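Peer 1: Take a look at target.tsv, TSV, C-alpha atoms:
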chain	number	residue	atom	x	y	z
A	27	MET	CA	16.77	10.28	14.29
A	28	PRO	CA	15.91	13.10	11.91
A	29	PRO	CA	13.99	12.18	8.78
A	30	SER	CA	15.76	12.07	5.45
A	31	GLN	CA	15.37	15.48	3.84
A	32	GLU	CA	16.54	14.24	0.45
A	33	LEU	CA	13.11	14.07	-1.17
A	34	ARG	CA	12.01	17.33	0.41
A	35	ARG	CA	15.10	19.08	-0.89
A	36	LYS	CA	14.51	17.62	-4.33
A	37	ALA	CA	10.82	18.42	-4.72
A	38	VAL	CA	9.66	21.12	-2.30
A	39	ASN	CA	10.12	24.74	-3.36
A	40	PHE	CA	8.35	28.08	-3.46
A	41	LYS	CA	7.93	28.45	-7.21
A	42	LYS	CA	6.81	25.40	-9.11
A	43	GLY	CA	4.26	22.67	-8.48
A	44	PHE	CA	1.25	22.16	-6.26
A	45	LYS	CA	0.64	23.69	-2.86
A	46	LEU	CA	0.24	21.34	0.08
A	47	LYS	CA	-3.45	22.16	0.13
A	48	LEU	CA	-5.02	21.93	-3.30
A	49	GLU	CA	-7.23	24.64	-4.75
A	50	PRO	CA	-10.85	23.63	-5.50
A	51	GLU	CA	-10.17	23.85	-9.24
A	52	GLU	CA	-7.20	21.48	-8.91
A	53	ILE	CA	-9.30	19.02	-6.92
A	54	ARG	CA	-11.97	19.18	-9.63
A	55	LYS	CA	-9.39	18.34	-12.29
A	56	LEU	CA	-8.13	15.35	-10.31
A	57	GLU	CA	-11.69	14.16	-9.74
A	58	ALA	CA	-12.25	14.36	-13.48
A	59	VAL	CA	-9.46	11.79	-13.91
A	60	VAL	CA	-11.45	9.36	-11.80
A	61	GLU	CA	-14.76	10.16	-13.51
A	62	LYS	CA	-13.18	9.51	-16.88
A	63	ALA	CA	-12.51	5.93	-15.85
A	64	THR	CA	-16.12	5.15	-14.85
A	65	ASP	CA	-16.77	3.02	-17.95
A	66	GLN	CA	-13.66	0.96	-17.25
A	67	PHE	CA	-14.80	0.61	-13.67
A	68	THR	CA	-18.12	-0.86	-14.84
A	69	VAL	CA	-16.32	-3.38	-17.07
A	70	GLU	CA	-13.85	-4.27	-14.31
A	71	VAL	CA	-16.57	-4.84	-11.71
A	72	ALA	CA	-18.62	-6.95	-14.13
A	73	GLU	CA	-15.55	-9.15	-14.61
A	74	LYS	CA	-15.07	-9.49	-10.88
A	75	LEU	CA	-18.74	-10.30	-10.31
A	76	ARG	CA	-18.47	-13.10	-12.85
A	77	GLY	CA	-15.38	-14.29	-10.97
A	78	LEU	CA	-17.39	-14.33	-7.75
A	79	ARG	CA	-20.13	-16.45	-9.33
A	80	VAL	CA	-17.56	-18.92	-10.68
A	81	ALA	CA	-15.84	-19.14	-7.29
A	82	LEU	CA	-19.17	-19.62	-5.53
A	83	ASN	CA	-20.02	-22.42	-7.93
A	84	ASP	CA	-16.63	-24.03	-7.27
A	85	VAL	CA	-17.19	-23.89	-3.53
A	86	ALA	CA	-20.67	-25.32	-3.84
A	87	ASN	CA	-19.75	-28.16	-6.16
A	88	SER	CA	-16.43	-29.43	-4.96
A	89	GLN	CA	-14.72	-29.90	-1.67
A	90	ILE	CA	-11.37	-30.10	-3.42
A	91	GLY	CA	-10.24	-26.60	-4.28
A	92	ALA	CA	-12.90	-25.02	-2.07
A	93	ASP	CA	-10.22	-23.24	-0.04
A	94	GLN	CA	-8.81	-21.66	-3.17
A	95	ALA	CA	-12.27	-20.63	-4.34
A	96	MET	CA	-12.98	-19.07	-0.93
A	97	GLN	CA	-9.71	-17.17	-1.21
A	98	ALA	CA	-10.89	-15.91	-4.61
A	99	ILE	CA	-14.16	-14.72	-3.04
A	100	ARG	CA	-12.27	-12.87	-0.32
A	101	SER	CA	-9.86	-11.32	-2.80
A	102	LEU	CA	-12.51	-10.24	-5.33
A	103	SER	CA	-14.83	-8.83	-2.67
A	104	LEU	CA	-11.92	-6.83	-1.21
A	105	GLU	CA	-11.15	-5.34	-4.62
A	106	ILE	CA	-14.79	-4.39	-5.22
A	107	LYS	CA	-14.96	-2.90	-1.73
A	108	GLY	CA	-12.00	-0.68	-2.55
A	109	MET	CA	-13.32	0.49	-5.91
A	110	GLY	CA	-17.05	1.15	-5.47
A	111	GLY	CA	-16.98	4.33	-3.42
A	112	MET	CA	-14.40	5.93	-5.67
A	113	PHE	CA	-16.82	5.80	-8.57
A	114	LYS	CA	-19.92	6.95	-6.69
A	115	TYR	CA	-21.02	3.44	-5.80
A	116	PRO	CA	-20.73	3.43	-1.99
A	117	LEU	CA	-23.55	0.89	-1.75
A	118	LEU	CA	-21.46	-1.51	-3.82
A	119	THR	CA	-18.59	-0.96	-1.40
A	120	ALA	CA	-20.94	-1.63	1.53
A	121	PHE	CA	-22.20	-4.94	0.11
A	122	ALA	CA	-18.66	-5.99	-0.85
A	123	LYS	CA	-17.44	-5.17	2.66
A	124	SER	CA	-20.26	-7.25	4.10
A	125	LEU	CA	-19.22	-10.21	1.93
A	126	ASN	CA	-15.53	-9.74	2.70
A	127	ASP	CA	-16.12	-9.47	6.44
A	128	PHE	CA	-18.34	-12.55	6.40
A	129	THR	CA	-15.84	-14.73	4.54
A	130	LYS	CA	-12.68	-13.34	6.15
A	131	ASP	CA	-11.78	-16.25	8.43
A	132	MET	CA	-14.12	-18.81	6.93
A	133	GLY	CA	-13.04	-22.29	5.91
A	134	VAL	CA	-15.36	-24.38	3.74
A	135	PRO	CA	-18.78	-22.79	4.28
A	136	THR	CA	-21.82	-24.63	5.58
A	137	PRO	CA	-24.92	-24.75	3.34
A	138	ILE	CA	-26.49	-21.77	5.13
A	139	GLN	CA	-23.27	-19.77	4.93
A	140	LEU	CA	-23.18	-20.59	1.24
A	141	ASP	CA	-26.73	-19.23	0.86
A	142	ILE	CA	-25.71	-15.99	2.54
A	143	ILE	CA	-22.65	-15.63	0.30
A	144	ALA	CA	-24.87	-16.23	-2.75
A	145	ALA	CA	-27.33	-13.56	-1.54
A	146	GLN	CA	-24.47	-11.10	-0.99
A	147	ILE	CA	-23.18	-11.71	-4.52
A	148	ASP	CA	-26.72	-11.31	-5.88
A	149	ALA	CA	-26.95	-7.97	-4.09
A	150	LEU	CA	-23.73	-6.82	-5.78
A	151	TYR	CA	-25.25	-7.79	-9.13
A	152	VAL	CA	-28.41	-5.82	-8.33
A	153	VAL	CA	-26.41	-2.69	-7.50
A	154	MET	CA	-24.40	-2.83	-10.71
A	155	GLY	CA	-27.26	-4.10	-12.88
A	156	ASN	CA	-29.42	-1.16	-11.83
A	157	ARG	CA	-26.54	1.30	-11.69
A	158	ILE	CA	-27.44	2.27	-8.13
A	159	GLN	CA	-25.13	5.13	-7.23
A	160	GLY	CA	-25.02	6.74	-3.81
A	161	SER	CA	-26.39	4.91	-0.79
A	162	GLY	CA	-29.45	3.53	-2.56
A	163	SER	CA	-33.07	3.70	-1.45
A	164	LYS	CA	-34.68	2.48	1.74
A	165	ILE	CA	-35.11	-0.98	0.20
A	166	GLU	CA	-31.40	-1.39	-0.55
A	167	MET	CA	-30.49	-0.19	2.92
A	168	GLN	CA	-32.90	-2.71	4.44
A	169	LEU	CA	-31.40	-5.46	2.28
A	170	LEU	CA	-27.91	-4.49	3.40
A	171	GLY	CA	-29.02	-4.47	7.02
A	172	ALA	CA	-30.67	-7.88	6.66
A	173	LEU	CA	-27.60	-9.42	5.03
A	174	GLU	CA	-25.32	-8.00	7.69
A	175	GLU	CA	-27.60	-9.37	10.39
A	176	ALA	CA	-27.59	-12.82	8.74
A	177	ALA	CA	-23.81	-12.64	8.41
A	178	ARG	CA	-23.43	-11.80	12.10
A	179	LYS	CA	-25.73	-14.65	13.07
A	180	TYR	CA	-24.16	-17.33	10.89
A	181	ARG	CA	-20.52	-16.31	10.74
A	182	HIS	CA	-19.50	-19.09	13.09
A	183	HIS	CA	-22.14	-21.71	12.18
B	23	MET	CA	9.67	27.40	9.20
B	24	SER	CA	6.88	29.90	9.87
B	25	ALA	CA	3.27	28.96	9.11
B	26	ASP	CA	3.19	31.76	6.55
B	27	MET	CA	6.14	30.30	4.65
B	28	ALA	CA	4.70	26.81	4.86
B	29	ASP	CA	1.54	28.10	3.18
B	30	HIS	CA	3.60	28.98	0.12
B	31	GLU	CA	5.46	25.70	-0.18
B	32	ARG	CA	4.93	23.77	-3.39
B	33	ILE	CA	5.69	20.23	-4.43
B	34	ASP	CA	7.24	19.73	-7.83
B	35	PHE	CA	6.10	16.21	-8.64
B	36	SER	CA	8.14	16.16	-11.84
B	37	LYS	CA	11.25	15.70	-9.67
B	38	ILE	CA	9.99	12.62	-7.88
B	39	SER	CA	10.40	9.04	-9.04
B	40	PHE	CA	7.45	6.89	-7.94
B	41	LEU	CA	6.90	3.18	-7.66
B	42	VAL	CA	3.23	2.17	-7.69
B	43	VAL	CA	2.58	-1.41	-6.57
B	44	GLU	CA	-1.00	-2.33	-7.40
B	45	PRO	CA	-2.27	-5.64	-8.77
B	46	ASN	CA	-5.64	-4.23	-9.82
B	47	ARG	CA	-5.28	-2.87	-13.36
B	48	LEU	CA	-7.82	-0.07	-13.01
B	49	MET	CA	-6.71	1.11	-9.59
B	50	GLY	CA	-3.07	1.13	-10.70
B	51	GLN	CA	-4.01	3.15	-13.72
B	52	MET	CA	-5.99	5.59	-11.54
B	53	VAL	CA	-2.96	6.26	-9.34
B	54	ARG	CA	-0.74	6.70	-12.39
B	55	ASP	CA	-3.23	9.08	-14.05
B	56	VAL	CA	-3.58	11.17	-10.89
B	57	LEU	CA	0.21	11.35	-10.50
B	58	GLN	CA	0.58	12.35	-14.15
B	59	MET	CA	-2.04	15.05	-13.67
B	60	LEU	CA	0.19	16.32	-10.85
B	61	ASP	CA	3.00	16.44	-13.42
B	62	ALA	CA	4.87	13.34	-12.24
B	63	GLN	CA	7.19	12.11	-14.97
B	64	TYR	CA	8.78	8.99	-13.51
B	65	ILE	CA	6.35	6.27	-12.52
B	66	ASP	CA	7.34	2.62	-12.30
B	67	ARG	CA	4.62	0.05	-11.79
B	68	ALA	CA	4.61	-3.42	-10.28
B	69	ARG	CA	1.92	-5.93	-9.45
B	70	ASP	CA	3.77	-8.27	-7.11
B	71	PHE	CA	6.51	-8.45	-4.49
B	72	GLU	CA	9.28	-9.73	-6.75
B	73	THR	CA	8.83	-7.09	-9.44
B	74	ALA	CA	8.55	-4.34	-6.85
B	75	VAL	CA	11.76	-5.38	-5.10
B	76	ASN	CA	13.59	-5.64	-8.42
B	77	VAL	CA	12.59	-2.05	-9.23
B	78	LEU	CA	13.54	-0.87	-5.74
B	79	ARG	CA	16.97	-2.49	-6.01
B	80	MET	CA	17.72	-0.22	-8.98
B	81	GLY	CA	17.78	2.63	-6.48
B	82	ARG	CA	15.89	5.20	-8.51
B	83	THR	CA	12.66	5.18	-6.47
B	84	ASP	CA	12.04	8.22	-4.25
B	85	MET	CA	8.63	7.20	-3.01
B	86	MET	CA	6.52	4.05	-3.03
B	87	ILE	CA	2.75	3.75	-3.10
B	88	THR	CA	1.66	0.19	-2.45
B	89	GLU	CA	-1.48	-1.87	-2.07
B	90	TRP	CA	-1.54	-4.32	0.83
B	91	ALA	CA	-3.13	-7.28	-1.01
B	92	LEU	CA	-0.92	-8.33	-3.91
B	93	ASN	CA	-0.91	-11.23	-6.32
B	94	GLN	CA	-0.86	-14.07	-3.85
B	95	GLU	CA	0.14	-16.74	-6.35
B	96	LYS	CA	3.66	-15.34	-6.42
B	97	LEU	CA	5.24	-16.59	-3.19
B	98	GLY	CA	2.25	-15.36	-1.20
B	99	ARG	CA	3.98	-12.10	-0.35
B	100	ASP	CA	1.98	-8.92	0.06
B	101	GLY	CA	2.48	-5.16	0.36
B	102	MET	CA	3.50	-5.43	3.99
B	103	ASP	CA	6.39	-7.68	2.97
B	104	ILE	CA	7.61	-4.96	0.61
B	105	VAL	CA	7.39	-2.36	3.38
B	106	HIS	CA	9.32	-4.69	5.67
B	107	TRP	CA	11.94	-5.22	2.94
B	108	VAL	CA	12.41	-1.48	2.38
B	109	ARG	CA	12.74	-0.72	6.08
B	110	ASN	CA	14.84	-3.69	7.16
B	111	ASP	CA	16.63	-5.49	4.36
B	112	GLY	CA	20.33	-4.93	3.89
B	113	GLY	CA	19.75	-4.67	0.13
B	114	SER	CA	17.26	-1.83	0.48
B	115	PRO	CA	18.74	1.28	-1.15
B	116	ASN	CA	16.67	3.75	0.89
B	117	ARG	CA	15.38	2.54	4.22
B	118	MET	CA	13.82	5.94	5.00
B	119	MET	CA	11.82	6.12	1.79
B	120	PRO	CA	8.31	7.57	2.22
B	121	ILE	CA	5.77	4.78	1.77
B	122	VAL	CA	2.06	5.31	1.27
B	123	MET	CA	-0.10	2.24	1.74
B	124	MET	CA	-3.45	2.21	-0.06
B	125	THR	CA	-5.80	-0.60	0.74
B	126	ALA	CA	-9.38	-1.68	1.18
B	127	ASN	CA	-8.18	-3.36	4.37
B	128	SER	CA	-9.26	-0.18	6.07
B	129	GLU	CA	-10.31	-1.32	9.53
B	130	GLU	CA	-8.40	-0.07	12.55
B	131	GLU	CA	-6.52	-3.34	13.10
B	132	TYR	CA	-5.02	-3.05	9.61
B	133	VAL	CA	-4.12	0.61	10.07
B	134	CYS	CA	-2.26	-0.34	13.25
B	135	ARG	CA	-0.48	-3.26	11.58
B	136	ALA	CA	0.58	-1.06	8.67
B	137	ARG	CA	1.82	1.60	11.06
B	138	ASP	CA	3.73	-0.99	13.07
B	139	CYS	CA	5.36	-2.25	9.88
B	140	GLY	CA	6.69	1.23	9.05
B	141	VAL	CA	4.38	2.84	6.49
B	142	SER	CA	4.53	6.62	6.36
B	143	GLU	CA	0.90	7.25	5.41
B	144	PHE	CA	-2.20	5.08	5.11
B	145	VAL	CA	-4.95	5.65	2.53
B	146	ALA	CA	-8.16	3.65	2.94
B	147	LYS	CA	-9.89	2.55	-0.24
B	148	PRO	CA	-12.23	3.75	-1.53
B	149	TYR	CA	-10.49	7.11	-1.25
B	150	THR	CA	-11.08	10.63	-2.52
B	151	VAL	CA	-8.38	12.12	-4.71
B	152	ASN	CA	-8.05	15.02	-2.31
B	153	GLY	CA	-7.55	12.62	0.59
B	154	PHE	CA	-4.93	10.76	-1.41
B	155	TYR	CA	-3.16	13.99	-2.32
B	156	THR	CA	-3.12	15.15	1.30
B	157	ARG	CA	-1.37	11.94	2.42
B	158	LEU	CA	1.05	12.12	-0.48
B	159	ALA	CA	1.93	15.76	0.21
B	160	SER	CA	2.36	15.06	3.90
B	161	ALA	CA	4.76	12.18	3.28
B	162	ILE	CA	6.85	14.33	0.92
B	163	ALA	CA	6.86	17.72	2.62
B	164	ARG	CA	6.42	16.75	6.27
B	165	PRO	CA	8.57	13.65	6.76
B	166	ARG	CA	8.47	12.35	10.30
B	167	GLN	CA	11.57	11.49	12.24
B	168	PHE	CA	12.63	7.87	12.24
B	169	VAL	CA	12.98	5.68	15.26
B	170	ARG	CA	14.36	2.29	16.11
B	171	ILE	CA	12.57	0.59	18.96
B	172	GLY	CA	13.33	-3.08	19.41
B	173	GLU	CA	12.70	-4.69	16.03
B	174	TYR	CA	10.82	-1.68	14.69
B	175	PHE	CA	12.54	0.70	12.33
B	176	GLY	CA	10.40	3.33	10.65
B	177	PRO	CA	8.68	6.70	10.99
B	178	ASP	CA	7.81	7.85	14.48
B	179	ARG	CA	4.39	6.37	15.17
B	180	ARG	CA	3.46	9.14	17.58
B	181	ARG	CA	1.94	11.96	15.58
B	182	ARG	CA	1.16	14.24	18.48
B	183	LYS	CA	3.82	15.63	20.77
B	184	VAL	CA	2.88	14.80	24.34
B	185	ASP	CA	4.76	15.22	27.55
B	186	TYR	CA	6.22	11.89	28.59
B	187	ALA	CA	7.78	11.45	31.98
B	188	GLY	CA	8.91	7.85	31.58
B	189	PRO	CA	12.31	6.54	30.51
B	190	GLU	CA	13.44	7.26	26.93
B	191	ARG	CA	13.82	3.92	25.18
B	192	ARG	CA	14.43	5.20	21.70
B	193	VAL	CA	17.79	4.87	20.04
B	194	GLU	CA	18.85	8.17	18.55
B	195	ALA	CA	21.15	6.94	15.86
B	196	VAL	CA	21.62	3.76	13.89
Could you express the structure from this file as structure tokens?
Peer 2:
Amino acid sequence: MPPSQELRRKAVNFKKGFKLKLEPEEIRKLEAVVEKATDQFTVEVAEKLRGLRVALNDVANSQIGADQAMQAIRSLSLEIKGMGGMFKYPLLTAFAKSLNDFTKDMGVPTPIQLDIIAAQIDALYVVMGNRIQGSGSKIEMQLLGALEEAARKYRHH
Amino acid sequence: MSADMADHERIDFSKISFLVVEPNRLMGQMVRDVLQMLDAQYIDRARDFETAVNVLRMGRTDMMITEWALNQEKLGRDGMDIVHWVRNDGGSPNRMMPIVMMTANSEEEYVCRARDCGVSEFVAKPYTVNGFYTRLASAIARPRQFVRIGEYFGPDRRRRKVDYAGPERRVEAV
């Protein structure tokens, strides 16, 4: 059936508004909106990293509530994954993705899985603590590779 | 419409009423700020399923932008449940509303699930503002036809037109 044209009729015209393909200057202005929020991003991520540490501690120290704490780890890592790259922190996104993928279908983690989760959270702290924008240096890439390898190896152990 | 005319089309965002469903404070604010920069005047915000549906019931929303992962403590319902509500619930005021899903659940399996639930456009987080704008503009200015196939009701999931010699199983009208 044909799509509803109601919104198109309401908003699309030949005189006022933005073209379907933005001009470079318009893109720059929109990007400036994101850049302006970089300080808030830093505060927000710091809060989420603290949340990850608390959740990790909860998982490590109690069997009761471990499921909820694992859910918090999944949820916080997903949020960090979605934010990092927007604010020029793709490495943060990569580490957060690694943590989220690793914990996705995990129940209560084994001691070695817990160690890997702790290392992944430490890596997120390192990226933010050192303000590592872009993809990082060779060392960070090697660390990411090593954590991903460990995650692959111990996901089901 | 000729390609030349299409090149001159503009979107007046001040005419569109948006609902942004995003539990993350900063990301919700980013979407709102970008929309305001585009001159959008009417932006409702929600952080969970219940609030979103209450806003939708008012019938003033033209377009919804929703995150997949919402506040789980409230009934455990997520962005996909809202999409399903818009497309299928008898109380939905606009079942053909354009819906953009933005999520860090960006792997192919999630894109397919979102598409099969009836989203119009999918934006993977982290996104670029230009990428976001392109999806937004496409959903507004290039709406796809709707289909009902079995239990699915939503935009046509085939983006490319291909010759198909098999039987037509689509229902043309509801």
Peer 1: Pick out the residues sitting within 8 Å of Phe67 of chain A, and hand them over as a PyMOL selection string; count all atoms listed in the file, and ignore anything fewer than 3 positions along from it in its own chain.
Peer 2: (chain A and resi 63-64+70-71+109+113) or (chain B and resi 48)
Peer 1: Please dump the current selection as a PDB file, in the frame of the given file; keep C-alpha atoms.
Peer 2:
ATOM      1  CA  ALA A  63     -12.510   5.930 -15.850  1.00  0.00           C
ATOM      2  CA  THR A  64     -16.120   5.150 -14.850  1.00  0.00           C
ATOM      3  CA  GLU A  70     -13.850  -4.270 -14.310  1.00  0.00           C
ATOM      4  CA  VAL A  71     -16.570  -4.840 -11.710  1.00  0.00           C
ATOM      5  CA  MET A 109     -13.320   0.490  -5.910  1.00  0.00           C
ATOM      6  CA  PHE A 113     -16.820   5.800  -8.570  1.00  0.00           C
TER       7      PHE A 113
ATOM      8  CA  LEU B  48      -7.820  -0.070 -13.010  1.00  0.00           C
TER       9      LEU B  48
END
Peer 1: Mind dumping a table of every chain A residue within 7 Å of chain B, with the nearest atom pair and its distance in Å to one decimal, using only C-alpha atoms, sorted by chain and rising number, as CSV?
Peer 2:
residue,atom,partner,partner_atom,distance
A:Met27,CA,B:Glu194,CA,5.2
A:Pro28,CA,B:Gln167,CA,4.6
A:Pro29,CA,B:Gln167,CA,4.3
A:Ser30,CA,B:Met118,CA,6.4
A:Leu33,CA,B:Ile162,CA,6.6
A:Arg34,CA,B:Ala163,CA,5.6
A:Lys36,CA,B:Lys37,CA,6.5
A:Ala37,CA,B:Asp34,CA,4.9
A:Val38,CA,B:Ile33,CA,4.6
A:Asn39,CA,B:Arg32,CA,5.3
A:Phe40,CA,B:Glu31,CA,5.0
A:Lys41,CA,B:Arg32,CA,6.7
A:Lys42,CA,B:Asp34,CA,5.8
A:Gly43,CA,B:Asp34,CA,4.2
A:Phe44,CA,B:Arg32,CA,4.9
A:Lys45,CA,B:Arg32,CA,4.3
A:Leu46,CA,B:Ala159,CA,5.8
A:Ile53,CA,B:Asn152,CA,6.2
A:Leu56,CA,B:Val56,CA,6.2
A:Glu57,CA,B:Val151,CA,6.4
A:Val59,CA,B:Val56,CA,6.6
A:Val60,CA,B:Met52,CA,6.6
A:Leu104,CA,B:Ala126,CA,6.2
A:Lys107,CA,B:Ala126,CA,6.4
A:Gly108,CA,B:Lys147,CA,4.5
A:Met109,CA,B:Pro148,CA,5.6
A:Gly110,CA,B:Pro148,CA,6.7
A:Gly111,CA,B:Pro148,CA,5.1
A:Met112,CA,B:Pro148,CA,5.2
Peer 1: Could you check the closest approach to Arg99 of chain B for each of B:Glu72, B:Glu44, B:Glu129, B:Asp111 and tell me which residue wins, using all atoms listed in the file?
Peer 2: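 Checking each of B:Glu72, B:Glu44, B:Glu129, B:Asp111 against Arg99 of chain B, counting all atoms listed in the file, the winner is B:Glu72.
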Peer 1: I'd like the neighbourhood of Arg178 of chain A as a short mmCIF file (atom, residue, chain, number, x, y, z; two decimals) with C-alpha atoms, in the coordinates of the input, where a residue qualifies if any of its atoms comes within 12 Å (using all atoms listed in the file), though same-chain residues fewer than 2 positions away should be ignored.
Peer 2:
data_model
loop_
_atom_site.label_atom_id
_atom_site.label_comp_id
_atom_site.auth_asym_id
_atom_site.auth_seq_id
_atom_site.Cartn_x
_atom_site.Cartn_y
_atom_site.Cartn_z
CA SER A 124 -20.26 -7.25 4.10
CA LEU A 125 -19.22 -10.21 1.93
CA ASP A 127 -16.12 -9.47 6.44
CA PHE A 128 -18.34 -12.55 6.40
CA THR A 129 -15.84 -14.73 4.54
CA GLN A 139 -23.27 -19.77 4.93
CA ILE A 142 -25.71 -15.99 2.54
CA GLY A 171 -29.02 -4.47 7.02
CA ALA A 172 -30.67 -7.88 6.66
CA LEU A 173 -27.60 -9.42 5.03
CA GLU A 174 -25.32 -8.00 7.69
CA GLU A 175 -27.60 -9.37 10.39
CA ALA A 176 -27.59 -12.82 8.74
CA TYR A 180 -24.16 -17.33 10.89
CA ARG A 181 -20.52 -16.31 10.74
CA HIS A 182 -19.50 -19.09 13.09
CA HIS A 183 -22.14 -21.71 12.18
#
Peer 1: Quote the spacing between atom CA of Pro135 of chain A and atom CA of Asp93 of chain A in Å to one decimal place.
Peer 2: 9.6 Å
Peer 1: Tell me, in Å to one decimal, how far atom CA of Asp103 of chain B is from atom CA of Glu131 of chain B.
Peer 2: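 Between these atoms lies a distance of 17.0 Å.
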Peer 1: How many Å lie between atom CA of Phe121 of chain A and atom CA of Leu170 of chain A, rounded to one decimal?
Peer 2: 6.6 Å
Peer 1: Under the rule that all atoms listed in the file are counted, which of B:Gly153, B:His106, B:Ile121, B:Cys134 is the nearest residue to Phe71 of chain B?
Peer 2: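 Among the listed residues, B:His106 lies closest to Phe71 of chain B.
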